[in-house]
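Coordinates as given in input_33.cif (mmCIF, C-alpha atoms):
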data_entry
#
loop_
_atom_site.label_atom_id
_atom_site.label_comp_id
_atom_site.auth_asym_id
_atom_site.auth_seq_id
_atom_site.Cartn_x
_atom_site.Cartn_y
_atom_site.Cartn_z
CA MET A 13 42.34 257.36 161.83
CA SER A 14 43.32 255.38 164.93
CA GLN A 15 41.84 256.51 168.21
CA ARG A 16 45.31 257.57 169.39
CA SER A 17 46.79 259.89 166.80
CA ILE A 18 48.99 262.95 166.71
CA VAL A 19 48.27 265.95 164.52
CA ILE A 20 51.01 268.49 163.84
CA ILE A 21 49.96 271.85 162.39
CA GLY A 22 52.93 273.27 160.51
CA SER A 23 55.65 271.83 158.28
CA GLY A 24 58.58 274.09 159.12
CA LEU A 25 61.68 273.19 161.11
CA ALA A 26 59.66 272.84 164.31
CA GLY A 27 56.99 270.57 162.83
CA TYR A 28 59.49 268.28 161.18
CA ALA A 29 61.75 268.22 164.24
CA VAL A 30 58.87 266.92 166.35
CA ALA A 31 57.89 264.36 163.73
CA ARG A 32 61.47 263.00 163.57
CA GLU A 33 61.79 262.80 167.35
CA LEU A 34 58.43 261.05 167.64
CA ARG A 35 59.47 258.46 165.09
CA LYS A 36 62.67 257.74 167.02
CA LEU A 37 60.53 256.86 170.04
CA ASN A 38 57.54 255.21 168.38
CA GLY A 39 57.50 253.78 164.87
CA GLY A 40 53.81 253.06 164.64
CA ILE A 41 51.66 255.80 166.15
CA PRO A 42 49.69 257.63 163.42
CA ILE A 43 51.03 261.13 162.76
CA THR A 44 49.38 263.63 160.42
CA MET A 45 51.11 266.85 159.44
CA LEU A 46 48.96 269.68 158.10
CA SER A 47 50.83 272.18 155.94
CA ALA A 48 49.46 275.46 154.62
CA ASP A 49 51.99 275.32 151.75
CA HIS A 50 53.77 272.62 149.70
CA GLY A 51 54.86 270.76 152.83
CA GLY A 52 58.39 270.05 151.64
CA PHE A 53 61.42 270.25 153.92
CA TYR A 54 64.06 272.96 153.62
CA SER A 55 66.24 275.00 155.96
CA LYS A 56 64.56 278.35 156.49
CA PRO A 57 67.67 279.95 158.07
CA MET A 58 69.49 279.46 154.76
CA LEU A 59 67.18 281.87 152.94
CA SER A 60 69.12 284.93 154.10
CA ASN A 61 72.55 283.83 152.89
CA VAL A 62 72.40 281.64 149.78
CA LEU A 63 72.21 284.18 146.97
CA ALA A 64 75.97 284.79 146.81
CA THR A 65 76.57 281.04 146.44
CA GLY A 66 74.53 280.96 143.24
CA LYS A 67 71.96 278.49 144.53
CA THR A 68 68.51 278.60 142.97
CA PRO A 69 65.32 278.58 145.06
CA ALA A 70 64.49 275.10 143.73
CA SER A 71 67.82 273.73 144.97
CA LEU A 72 66.98 274.74 148.55
CA LEU A 73 64.22 272.15 148.83
CA ASN A 74 65.79 269.08 150.44
CA SER A 75 62.76 266.79 150.05
CA ASP A 76 59.19 267.30 148.88
CA ALA A 77 56.14 266.27 150.90
CA ALA A 78 55.88 262.82 149.32
CA GLN A 79 59.53 262.07 150.10
CA MET A 80 59.19 263.29 153.68
CA SER A 81 56.03 261.25 154.13
CA SER A 82 57.88 258.13 153.03
CA GLN A 83 60.98 258.91 155.12
CA LEU A 84 59.09 259.47 158.35
CA ASN A 85 56.10 257.18 157.76
CA ILE A 86 53.66 260.01 158.42
CA THR A 87 50.71 261.46 156.54
CA ILE A 88 51.46 264.91 155.13
CA ARG A 89 48.64 267.02 153.75
CA PRO A 90 49.98 269.96 151.73
CA TYR A 91 47.91 273.10 151.10
CA THR A 92 45.66 272.27 154.04
CA ARG A 93 44.59 275.08 156.34
CA VAL A 94 43.01 274.74 159.76
CA ASN A 95 40.08 277.04 160.47
CA ILE A 96 39.14 276.01 164.01
CA ILE A 97 40.53 273.96 166.88
CA ASP A 98 37.70 272.41 168.91
CA GLN A 99 39.19 271.48 172.29
CA SER A 100 36.03 269.80 173.59
CA SER A 101 35.80 267.26 170.75
CA ARG A 102 39.55 267.05 170.10
CA THR A 103 39.11 267.89 166.45
CA VAL A 104 40.38 270.48 164.02
CA LEU A 105 38.05 271.87 161.36
CA LEU A 106 39.82 272.23 158.05
CA GLU A 107 39.19 274.93 155.47
CA ASN A 108 37.49 272.35 153.20
CA GLY A 109 34.94 271.58 155.93
CA GLU A 110 36.50 268.30 157.04
CA ASP A 111 36.84 267.41 160.72
CA LEU A 112 40.07 265.73 161.77
CA SER A 113 40.39 264.14 165.21
CA TYR A 114 43.49 264.01 167.37
CA SER A 115 44.65 262.62 170.68
CA GLN A 116 47.49 265.14 170.91
CA LEU A 117 47.79 268.32 168.89
CA VAL A 118 51.09 270.09 168.22
CA LEU A 119 51.09 273.73 167.15
CA ALA A 120 54.18 274.49 165.07
CA VAL A 121 52.67 277.30 163.03
CA GLY A 122 55.61 279.70 163.07
CA ALA A 123 55.50 283.47 162.87
CA ASP A 124 54.58 286.26 160.46
CA PRO A 125 56.81 289.13 159.34
CA ILE A 126 56.14 292.38 161.18
CA ARG A 127 54.90 295.07 158.80
CA LEU A 128 55.92 298.65 159.41
CA SER A 129 53.22 301.30 159.52
CA LEU A 130 54.09 303.41 156.48
CA ALA A 131 52.35 305.80 154.12
CA GLY A 132 52.76 305.94 150.36
CA ASP A 133 51.35 304.28 147.26
CA ALA A 134 53.99 301.50 147.14
CA VAL A 135 53.65 300.10 150.66
CA ASP A 136 51.93 296.95 149.37
CA GLU A 137 54.89 296.29 147.06
CA ILE A 138 57.40 295.92 149.91
CA LEU A 139 58.68 292.34 149.97
CA SER A 140 59.48 290.10 152.91
CA VAL A 141 61.01 286.62 152.97
CA ASN A 142 59.53 284.25 155.53
CA ASP A 143 59.39 280.98 153.62
CA LEU A 144 60.55 279.29 150.43
CA ASN A 145 57.62 280.63 148.39
CA ASP A 146 58.55 284.17 149.47
CA TYR A 147 62.14 283.49 148.45
CA HIS A 148 61.04 282.32 144.99
CA HIS A 149 59.23 285.64 144.54
CA PHE A 150 62.15 287.65 145.92
CA HIS A 151 64.69 285.83 143.72
CA LYS A 152 62.60 286.52 140.63
CA ALA A 153 62.24 290.21 141.56
CA LEU A 154 66.05 290.59 141.69
CA VAL A 155 66.46 289.99 137.97
CA GLY A 156 67.63 293.11 136.16
CA ILE A 157 67.87 295.39 139.19
CA LYS A 158 70.86 296.95 140.93
CA GLU A 159 69.86 298.77 144.12
CA ILE A 160 67.99 297.37 147.12
CA ALA A 161 66.74 298.98 150.33
CA ILE A 162 66.32 296.83 153.44
CA PHE A 163 64.23 297.82 156.44
CA GLY A 164 65.85 296.41 159.56
CA ALA A 165 69.46 296.25 160.75
CA GLY A 166 68.82 293.23 162.95
CA LEU A 167 69.98 289.68 162.44
CA ILE A 168 68.07 288.88 159.24
CA GLY A 169 68.47 292.35 157.74
CA CYS A 170 72.26 292.25 158.14
CA GLU A 171 72.46 288.70 156.77
CA PHE A 172 70.46 289.62 153.68
CA ALA A 173 72.52 292.79 153.24
CA ASN A 174 75.80 290.86 153.33
CA ASP A 175 74.48 288.23 150.91
CA LEU A 176 73.14 290.80 148.44
CA ALA A 177 76.26 292.97 148.57
CA VAL A 178 78.53 290.01 147.83
CA ALA A 179 76.22 289.07 144.96
CA GLY A 180 76.88 292.49 143.42
CA TYR A 181 73.91 294.62 144.48
CA GLN A 182 74.06 298.08 146.01
CA VAL A 183 72.41 297.74 149.40
CA HIS A 184 70.91 300.31 151.77
CA VAL A 185 70.00 299.28 155.33
CA ILE A 186 67.55 301.51 157.22
CA ASP A 187 66.82 301.26 160.93
CA VAL A 188 65.56 303.45 163.76
CA SER A 189 68.34 302.11 165.99
CA ALA A 190 71.74 303.74 166.37
CA GLN A 191 73.63 300.59 165.33
CA PRO A 192 73.14 297.23 163.62
CA LEU A 193 72.10 294.34 165.86
CA GLY A 194 71.14 296.87 168.50
CA ARG A 195 69.35 294.26 170.64
CA LEU A 196 72.25 291.83 170.60
CA LEU A 197 75.49 293.82 170.62
CA PRO A 198 77.08 296.48 172.81
CA GLU A 199 77.96 299.76 171.10
CA GLU A 200 81.52 298.72 170.24
CA GLY A 201 80.29 295.50 168.66
CA GLY A 202 77.68 297.31 166.61
CA LYS A 203 80.25 299.77 165.30
CA TYR A 204 82.67 296.98 164.40
CA LEU A 205 79.95 295.10 162.49
CA GLN A 206 78.82 298.28 160.73
CA ASP A 207 82.35 299.16 159.64
CA ARG A 208 82.97 295.68 158.21
CA LEU A 209 79.69 295.62 156.32
CA ALA A 210 80.25 299.17 155.06
CA ALA A 211 83.62 297.99 153.72
CA ILE A 212 81.82 295.71 151.23
CA GLY A 213 79.62 298.57 150.07
CA ILE A 214 76.58 298.43 152.35
CA ARG A 215 75.20 301.87 153.17
CA PHE A 216 73.60 302.30 156.56
CA HIS A 217 70.88 304.83 157.36
CA LEU A 218 70.64 304.57 161.14
CA ASN A 219 68.62 306.63 163.63
CA THR A 220 66.28 306.85 160.67
CA LYS A 221 62.53 306.36 160.48
CA THR A 222 60.94 305.97 157.06
CA GLN A 223 57.75 307.94 156.57
CA ARG A 224 56.65 307.00 153.06
CA VAL A 225 57.40 304.57 150.24
CA GLU A 226 56.36 305.82 146.82
CA ARG A 227 56.69 304.43 143.33
CA ILE A 228 58.68 306.65 140.97
CA GLY A 229 58.53 305.06 137.53
CA SER A 230 60.20 301.66 137.82
CA ARG A 231 61.84 302.53 141.15
CA TYR A 232 60.85 303.29 144.73
CA ARG A 233 61.45 306.43 146.73
CA LEU A 234 61.85 306.07 150.48
CA ILE A 235 61.17 309.36 152.26
CA PHE A 236 62.71 309.74 155.70
CA ASP A 237 61.89 313.39 156.37
CA GLU A 238 61.65 316.69 154.47
CA ASP A 239 65.20 316.68 153.16
CA ARG A 240 66.30 313.04 153.37
CA MET A 241 65.30 310.31 150.96
CA ILE A 242 66.78 307.53 148.86
CA GLU A 243 65.67 305.57 145.81
CA ALA A 244 65.95 301.85 145.15
CA ASP A 245 64.78 299.23 142.67
CA LEU A 246 63.39 296.90 145.34
CA VAL A 247 62.41 297.23 149.00
CA LEU A 248 62.77 294.33 151.44
CA SER A 249 61.40 294.40 154.98
CA ALA A 250 63.28 292.43 157.64
CA VAL A 251 62.22 294.08 160.88
CA GLY A 252 61.32 290.94 162.81
CA LEU A 253 58.65 288.30 163.31
CA ARG A 254 55.43 288.09 165.29
CA PRO A 255 54.32 284.63 166.56
CA ARG A 256 51.18 283.29 164.92
CA ILE A 257 48.70 283.12 167.76
CA LYS A 258 45.30 283.74 166.12
CA LEU A 259 44.35 280.08 165.68
CA ALA A 260 45.16 279.28 169.31
CA GLU A 261 43.52 282.44 170.60
CA ALA A 262 40.30 281.70 168.70
CA ALA A 263 40.25 278.26 170.31
CA GLY A 264 40.46 279.75 173.81
CA ILE A 265 44.09 278.77 174.35
CA HIS A 266 46.08 281.22 176.46
CA VAL A 267 48.31 283.50 174.39
CA ASN A 268 50.59 286.40 175.20
CA ARG A 269 53.47 287.30 172.90
CA GLY A 270 53.23 283.71 171.72
CA VAL A 271 51.17 280.62 172.48
CA VAL A 272 51.80 280.23 176.21
CA THR A 273 53.20 276.89 177.37
CA ASN A 274 54.77 275.39 180.46
CA ARG A 275 58.11 273.56 180.62
CA TYR A 276 56.48 270.51 179.04
CA LEU A 277 55.47 272.60 176.00
CA GLN A 278 51.84 272.11 177.08
CA THR A 279 49.29 274.86 176.72
CA GLY A 280 46.50 275.17 179.27
CA ASN A 281 45.09 272.04 177.61
CA ALA A 282 47.24 269.02 178.49
CA ASN A 283 46.68 267.53 175.02
CA ILE A 284 47.71 270.62 173.03
CA PHE A 285 51.36 271.60 172.70
CA ALA A 286 53.32 274.38 170.99
CA LEU A 287 56.92 274.92 170.01
CA GLY A 288 59.07 276.93 167.65
CA ASP A 289 58.52 280.53 166.58
CA CYS A 290 54.87 280.52 167.68
CA ALA A 291 55.53 279.43 171.26
CA GLU A 292 56.19 281.33 174.47
CA VAL A 293 57.82 278.84 176.82
CA GLU A 294 57.91 279.96 180.45
CA GLY A 295 57.81 283.56 179.24
CA LYS A 296 60.53 283.12 176.60
CA VAL A 297 60.05 283.52 172.84
CA LEU A 298 63.18 282.14 171.15
CA PRO A 299 62.98 282.29 167.33
CA PHE A 300 66.18 280.32 166.68
CA VAL A 301 67.08 276.81 165.55
CA LEU A 302 68.70 275.38 168.70
CA PRO A 303 65.68 275.97 170.97
CA ILE A 304 63.56 274.05 168.44
CA THR A 305 65.93 271.08 168.62
CA HIS A 306 65.75 270.88 172.42
CA ALA A 307 62.01 271.52 172.52
CA ALA A 308 61.21 268.87 169.93
CA ARG A 309 63.15 266.20 171.82
CA ALA A 310 61.41 266.95 175.10
CA LEU A 311 57.97 267.32 173.53
CA ALA A 312 58.20 263.99 171.71
CA ALA A 313 59.01 262.17 174.94
CA THR A 314 56.10 263.86 176.72
CA VAL A 315 53.63 263.04 173.94
CA ILE A 316 54.70 259.38 173.88
CA GLY A 317 54.07 259.12 177.63
CA ALA A 318 57.33 260.06 179.38
CA PRO A 319 56.76 263.65 180.59
CA THR A 320 59.98 265.57 179.98
CA ALA A 321 60.52 269.23 180.79
CA VAL A 322 62.44 271.17 178.18
CA ARG A 323 65.82 272.50 179.23
CA TYR A 324 67.67 275.11 177.24
CA PRO A 325 71.45 275.11 177.66
CA PRO A 326 73.49 278.14 176.54
CA MET A 327 72.62 278.52 172.85
CA PRO A 328 74.92 280.97 171.01
CA VAL A 329 73.53 282.39 167.77
CA LEU A 330 75.76 282.43 164.70
CA VAL A 331 75.31 285.62 162.67
CA LYS A 332 75.68 284.69 159.01
CA THR A 333 77.62 287.75 157.88
CA PRO A 334 80.86 286.46 156.28
CA ALA A 335 82.20 290.01 155.95
CA CYS A 336 82.19 290.11 159.76
CA PRO A 337 82.02 286.71 161.49
CA ALA A 338 79.98 287.05 164.66
CA VAL A 339 78.44 284.86 167.34
CA VAL A 340 76.28 286.14 170.17
CA SER A 341 74.66 284.78 173.30
CA PRO A 342 72.44 287.64 174.45
CA PRO A 343 71.85 287.99 178.20
CA ASP A 344 68.38 287.63 179.63
CA PRO A 345 66.85 291.16 179.60
CA VAL A 346 65.90 290.85 183.28
CA VAL A 347 69.53 290.48 184.37
CA LEU A 348 71.09 293.71 185.62
CA GLY A 349 74.68 294.14 184.55
CA GLU A 350 76.99 295.67 181.98
CA TRP A 351 79.21 294.78 179.07
CA GLN A 352 82.96 294.40 179.51
CA VAL A 353 84.43 295.06 176.07
CA ASP A 354 87.83 294.38 174.56
CA ALA A 355 87.93 295.78 171.03
CA ASN A 356 90.68 296.21 168.43
CA GLN A 357 91.09 296.03 164.66
CA GLU A 358 91.04 292.25 164.71
CA GLY A 359 87.75 291.84 166.54
CA VAL A 360 85.54 292.48 169.54
CA LYS A 361 85.17 290.36 172.66
CA ALA A 362 82.30 291.54 174.84
CA LEU A 363 81.22 289.78 178.02
CA PHE A 364 78.00 290.67 179.85
CA GLN A 365 78.39 290.33 183.62
CA ASP A 366 75.92 290.87 186.41
CA GLN A 367 76.68 293.07 189.41
CA ALA A 368 78.40 290.16 191.15
CA GLY A 369 80.68 289.52 188.18
CA ASN A 370 78.85 286.41 186.93
CA LEU A 371 78.83 285.88 183.17
CA HIS A 372 75.38 286.01 181.51
CA GLY A 373 76.11 286.61 177.83
CA PHE A 374 78.70 287.38 175.21
CA ALA A 375 79.24 288.88 171.78
CA LEU A 376 82.26 287.81 169.73
CA LEU A 377 83.14 289.40 166.40
CA GLY A 378 86.00 288.92 163.98
CA ALA A 379 88.98 287.01 165.36
CA ALA A 380 87.31 286.78 168.78
CA THR A 381 84.78 284.23 167.46
CA LYS A 382 87.41 281.53 167.97
CA GLU A 383 86.78 281.84 171.73
CA LYS A 384 83.15 280.68 171.47
CA ASN A 385 83.77 277.09 172.55
CA ALA A 386 85.80 278.16 175.56
CA ILE A 387 83.32 280.79 176.79
CA THR A 388 79.97 279.07 176.13
CA PRO A 389 80.29 276.48 178.96
CA LEU A 390 80.75 279.35 181.43
CA LEU A 391 77.23 280.66 180.75
CA PRO A 392 74.18 279.72 182.83
CA PRO A 393 71.46 277.74 181.04
CA VAL A 394 68.74 279.73 179.31
CA LEU A 395 66.15 277.54 181.00
CA ALA A 396 67.47 275.15 183.64
#
Would you encode the structure as structure tokens?
Amino acid sequence: MSQRSIVIIGSGLAGYAVARELRKLNGGIPITMLSADHGGFYSKPMLSNVLATGKTPASLLNSDAAQMSSQLNITIRPYTRVNIIDQSSRTVLLENGEDLSYSQLVLAVGADPIRLSLAGDAVDEILSVNDLNDYHHFHKALVGIKEIAIFGAGLIGCEFANDLAVAGYQVHVIDVSAQPLGRLLPEEGGKYLQDRLAAIGIRFHLNTKTQRVERIGSRYRLIFDEDRMIEADLVLSAVGLRPRIKLAEAAGIHVNRGVVTNRYLQTGNANIFALGDCAEVEGKVLPFVLPITHAARALAATVIGAPTAVRYPPMPVLVKTPACPAVVSPPDPVVLGEWQVDANQEGVKALFQDQAGNLHGFALLGAATKEKNAITPLLPPVLA
């Protein structure tokens, strides 16, 4: 490998976004992508809302590793795991014992599903969907069943619930919160979303903590407390993600909630960068698509030799629940303020304003979603 070479660990949206942006700026620098799985390209956000369209897991793969390698003129090594990052020698030690050198290293390793602490003999049989391989397994498990329980009434849990309900399954959604999307919506918005999803048959079990998951014949029993329980044919967990930080931490790279970086996506080592679900950029962990797009563009410029700080404009999040169209731009948790809500049968328009009346976030549901383009420019940037 050439003395100057870039190694990207991870082949998800973040890894490929960086590779594409690098190729726009430099057609010749050697780039090697290390992928723990097949290394093909697909849209991970689609996994929570494609079942009702009848698409198969195989159809979700846009291009395999060989095709992506040819498209981008990079080396892609599927099924290749990194054991150790050696900062002093600028090498990564692979699981097969090989040492691979780099001039710049990009961590795009993603995040792992959070696992609830539960008792019961069926805990290990709870499914989660975090990548295309998981979705293959999930899709296969759906054959011949009728009733599904989902842990988590957040973004992904609600999207899966909508998709499954439209596909004809009976769906239960369980969450300790008092409403769906409790971290993103004011109370009126949560109620509106819940009512619309309930109208297509989704059953919510809110303010509810599951104690045990037990196998009962071919089904599962979810025990909430002494006198409350439900049964289902399959249990899916969608309670959130935790950035993958172990590889960086073992290498002595500073980690907190994610791999800590500055505005240039640099870790404490100027030659090691991080972005995507694994990264904590100036204290912010943003597990969405748009931040990846902005981060990849800035990072590529910095790596090529034109240091560029990432800037995040307002980045509304589309909630993929067709039964209740919704788009949210959550306010920064440190901002003190309150929601101003206008709700009716047609939709909910909620604006989050600080104590001086400045707009810092919004939640639009139903007919109110048409106001997104008008309201978004009024928001402050997420990271100026």
Picked residues, the PyMOL selection byres ((chain A and resi 250-254) around 8), as a PyMOL selection string: chain A and resi 123-128+140-141+162-166+168-169+248-249+255-256+269+290
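The residues caught by the PyMOL selection byres ((chain A and resi 313) around 12) in this file are Val30, Ala31, Arg32, Glu33, Leu34, Arg35, Lys36, Leu37, Asn38, Tyr276, Leu277, His306, Ala307, Ala308, Arg309, Ala310, Leu311, Ala312, Thr314, Val315, Ile316, Gly317, Ala318, Pro319, Thr320, Ala321 and Val322 of chain A.
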How would the residues just picked look written out with C-alpha atoms as a tab-separated table (two decimals), in the coordinates of the input?
chain	number	residue	atom	x	y	z
A	30	VAL	CA	58.87	266.92	166.35
A	31	ALA	CA	57.89	264.36	163.73
A	32	ARG	CA	61.47	263.00	163.57
A	33	GLU	CA	61.79	262.80	167.35
A	34	LEU	CA	58.43	261.05	167.64
A	35	ARG	CA	59.47	258.46	165.09
A	36	LYS	CA	62.67	257.74	167.02
A	37	LEU	CA	60.53	256.86	170.04
A	38	ASN	CA	57.54	255.21	168.38
A	276	TYR	CA	56.48	270.51	179.04
A	277	LEU	CA	55.47	272.60	176.00
A	306	HIS	CA	65.75	270.88	172.42
A	307	ALA	CA	62.01	271.52	172.52
A	308	ALA	CA	61.21	268.87	169.93
A	309	ARG	CA	63.15	266.20	171.82
A	310	ALA	CA	61.41	266.95	175.10
A	311	LEU	CA	57.97	267.32	173.53
A	312	ALA	CA	58.20	263.99	171.71
A	314	THR	CA	56.10	263.86	176.72
A	315	VAL	CA	53.63	263.04	173.94
A	316	ILE	CA	54.70	259.38	173.88
A	317	GLY	CA	54.07	259.12	177.63
A	318	ALA	CA	57.33	260.06	179.38
A	319	PRO	CA	56.76	263.65	180.59
A	320	THR	CA	59.98	265.57	179.98
A	321	ALA	CA	60.52	269.23	180.79
A	322	VAL	CA	62.44	271.17	178.18
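For the residues A:Val331, A:Ala64, A:Ile88, A:Ala173, ranking by smallest atom-to-atom distance to Tyr28 (chain A) using all atoms listed in the file places A:Ile88 first.
Nearest-residue note for Gly373 (chain A): choosing from A:Leu196, A:Leu287, A:Met58, A:Leu395, the minimum distance belongs to A:Leu196, counting all atoms listed in the file.
Here CA of Ala120 (chain A) is placed at a distance of 22.6 Å from CA of His148 (chain A).
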Can you pull out the residues contacting Ala244 (chain A)? Cut-off 8 Å, using only C-alpha atoms, and skip same-chain residues under 2 positions away; I want them as an NGL selection string. :A and (159-161 or 231-234 or 242 or 246-247)
Would you fill out region 75-90 of chain A with N, CA and C atoms and return it as a PDB file, in the coordinates of the input?
ATOM      1  N   SER A  75      63.661 267.892 150.382  1.00  0.00           N
ATOM      2  CA  SER A  75      62.760 266.790 150.050  1.00  0.00           C
ATOM      3  C   SER A  75      61.349 267.332 149.948  1.00  0.00           C
ATOM      4  N   ASP A  76      60.575 266.839 148.982  1.00  0.00           N
ATOM      5  CA  ASP A  76      59.190 267.300 148.880  1.00  0.00           C
ATOM      6  C   ASP A  76      58.317 266.523 149.862  1.00  0.00           C
ATOM      7  N   ALA A  77      57.030 266.859 149.900  1.00  0.00           N
ATOM      8  CA  ALA A  77      56.140 266.270 150.900  1.00  0.00           C
ATOM      9  C   ALA A  77      56.036 264.757 150.758  1.00  0.00           C
ATOM     10  N   ALA A  78      55.996 264.268 149.529  1.00  0.00           N
ATOM     11  CA  ALA A  78      55.880 262.820 149.320  1.00  0.00           C
ATOM     12  C   ALA A  78      57.127 262.108 149.851  1.00  0.00           C
ATOM     13  N   GLN A  79      58.295 262.680 149.604  1.00  0.00           N
ATOM     14  CA  GLN A  79      59.530 262.070 150.100  1.00  0.00           C
ATOM     15  C   GLN A  79      59.590 262.083 151.620  1.00  0.00           C
ATOM     16  N   MET A  80      59.178 263.210 152.219  1.00  0.00           N
ATOM     17  CA  MET A  80      59.190 263.290 153.680  1.00  0.00           C
ATOM     18  C   MET A  80      58.176 262.335 154.298  1.00  0.00           C
ATOM     19  N   SER A  81      57.043 262.180 153.648  1.00  0.00           N
ATOM     20  CA  SER A  81      56.030 261.250 154.130  1.00  0.00           C
ATOM     21  C   SER A  81      56.571 259.824 154.165  1.00  0.00           C
ATOM     22  N   SER A  82      57.295 259.465 153.114  1.00  0.00           N
ATOM     23  CA  SER A  82      57.880 258.130 153.030  1.00  0.00           C
ATOM     24  C   SER A  82      59.006 257.950 154.056  1.00  0.00           C
ATOM     25  N   GLN A  83      59.860 258.969 154.174  1.00  0.00           N
ATOM     26  CA  GLN A  83      60.980 258.910 155.120  1.00  0.00           C
ATOM     27  C   GLN A  83      60.524 258.686 156.549  1.00  0.00           C
ATOM     28  N   LEU A  84      59.502 259.444 156.949  1.00  0.00           N
ATOM     29  CA  LEU A  84      59.090 259.470 158.350  1.00  0.00           C
ATOM     30  C   LEU A  84      57.871 258.586 158.637  1.00  0.00           C
ATOM     31  N   ASN A  85      57.307 257.998 157.589  1.00  0.00           N
ATOM     32  CA  ASN A  85      56.100 257.180 157.760  1.00  0.00           C
ATOM     33  C   ASN A  85      54.999 257.982 158.452  1.00  0.00           C
ATOM     34  N   ILE A  86      54.736 259.167 157.917  1.00  0.00           N
ATOM     35  CA  ILE A  86      53.660 260.010 158.420  1.00  0.00           C
ATOM     36  C   ILE A  86      52.787 260.440 157.247  1.00  0.00           C
ATOM     37  N   THR A  87      51.591 260.892 157.556  1.00  0.00           N
ATOM     38  CA  THR A  87      50.710 261.460 156.540  1.00  0.00           C
ATOM     39  C   THR A  87      50.942 262.972 156.488  1.00  0.00           C
ATOM     40  N   ILE A  88      51.269 263.474 155.305  1.00  0.00           N
ATOM     41  CA  ILE A  88      51.460 264.910 155.130  1.00  0.00           C
ATOM     42  C   ILE A  88      50.398 265.421 154.166  1.00  0.00           C
ATOM     43  N   ARG A  89      49.695 266.443 154.589  1.00  0.00           N
ATOM     44  CA  ARG A  89      48.640 267.020 153.750  1.00  0.00           C
ATOM     45  C   ARG A  89      49.011 268.444 153.369  1.00  0.00           C
ATOM     46  N   PRO A  90      49.598 268.619 152.181  1.00  0.00           N
ATOM     47  CA  PRO A  90      49.980 269.960 151.730  1.00  0.00           C
ATOM     48  C   PRO A  90      48.745 270.818 151.432  1.00  0.00           C
TER      49      PRO A  90
END
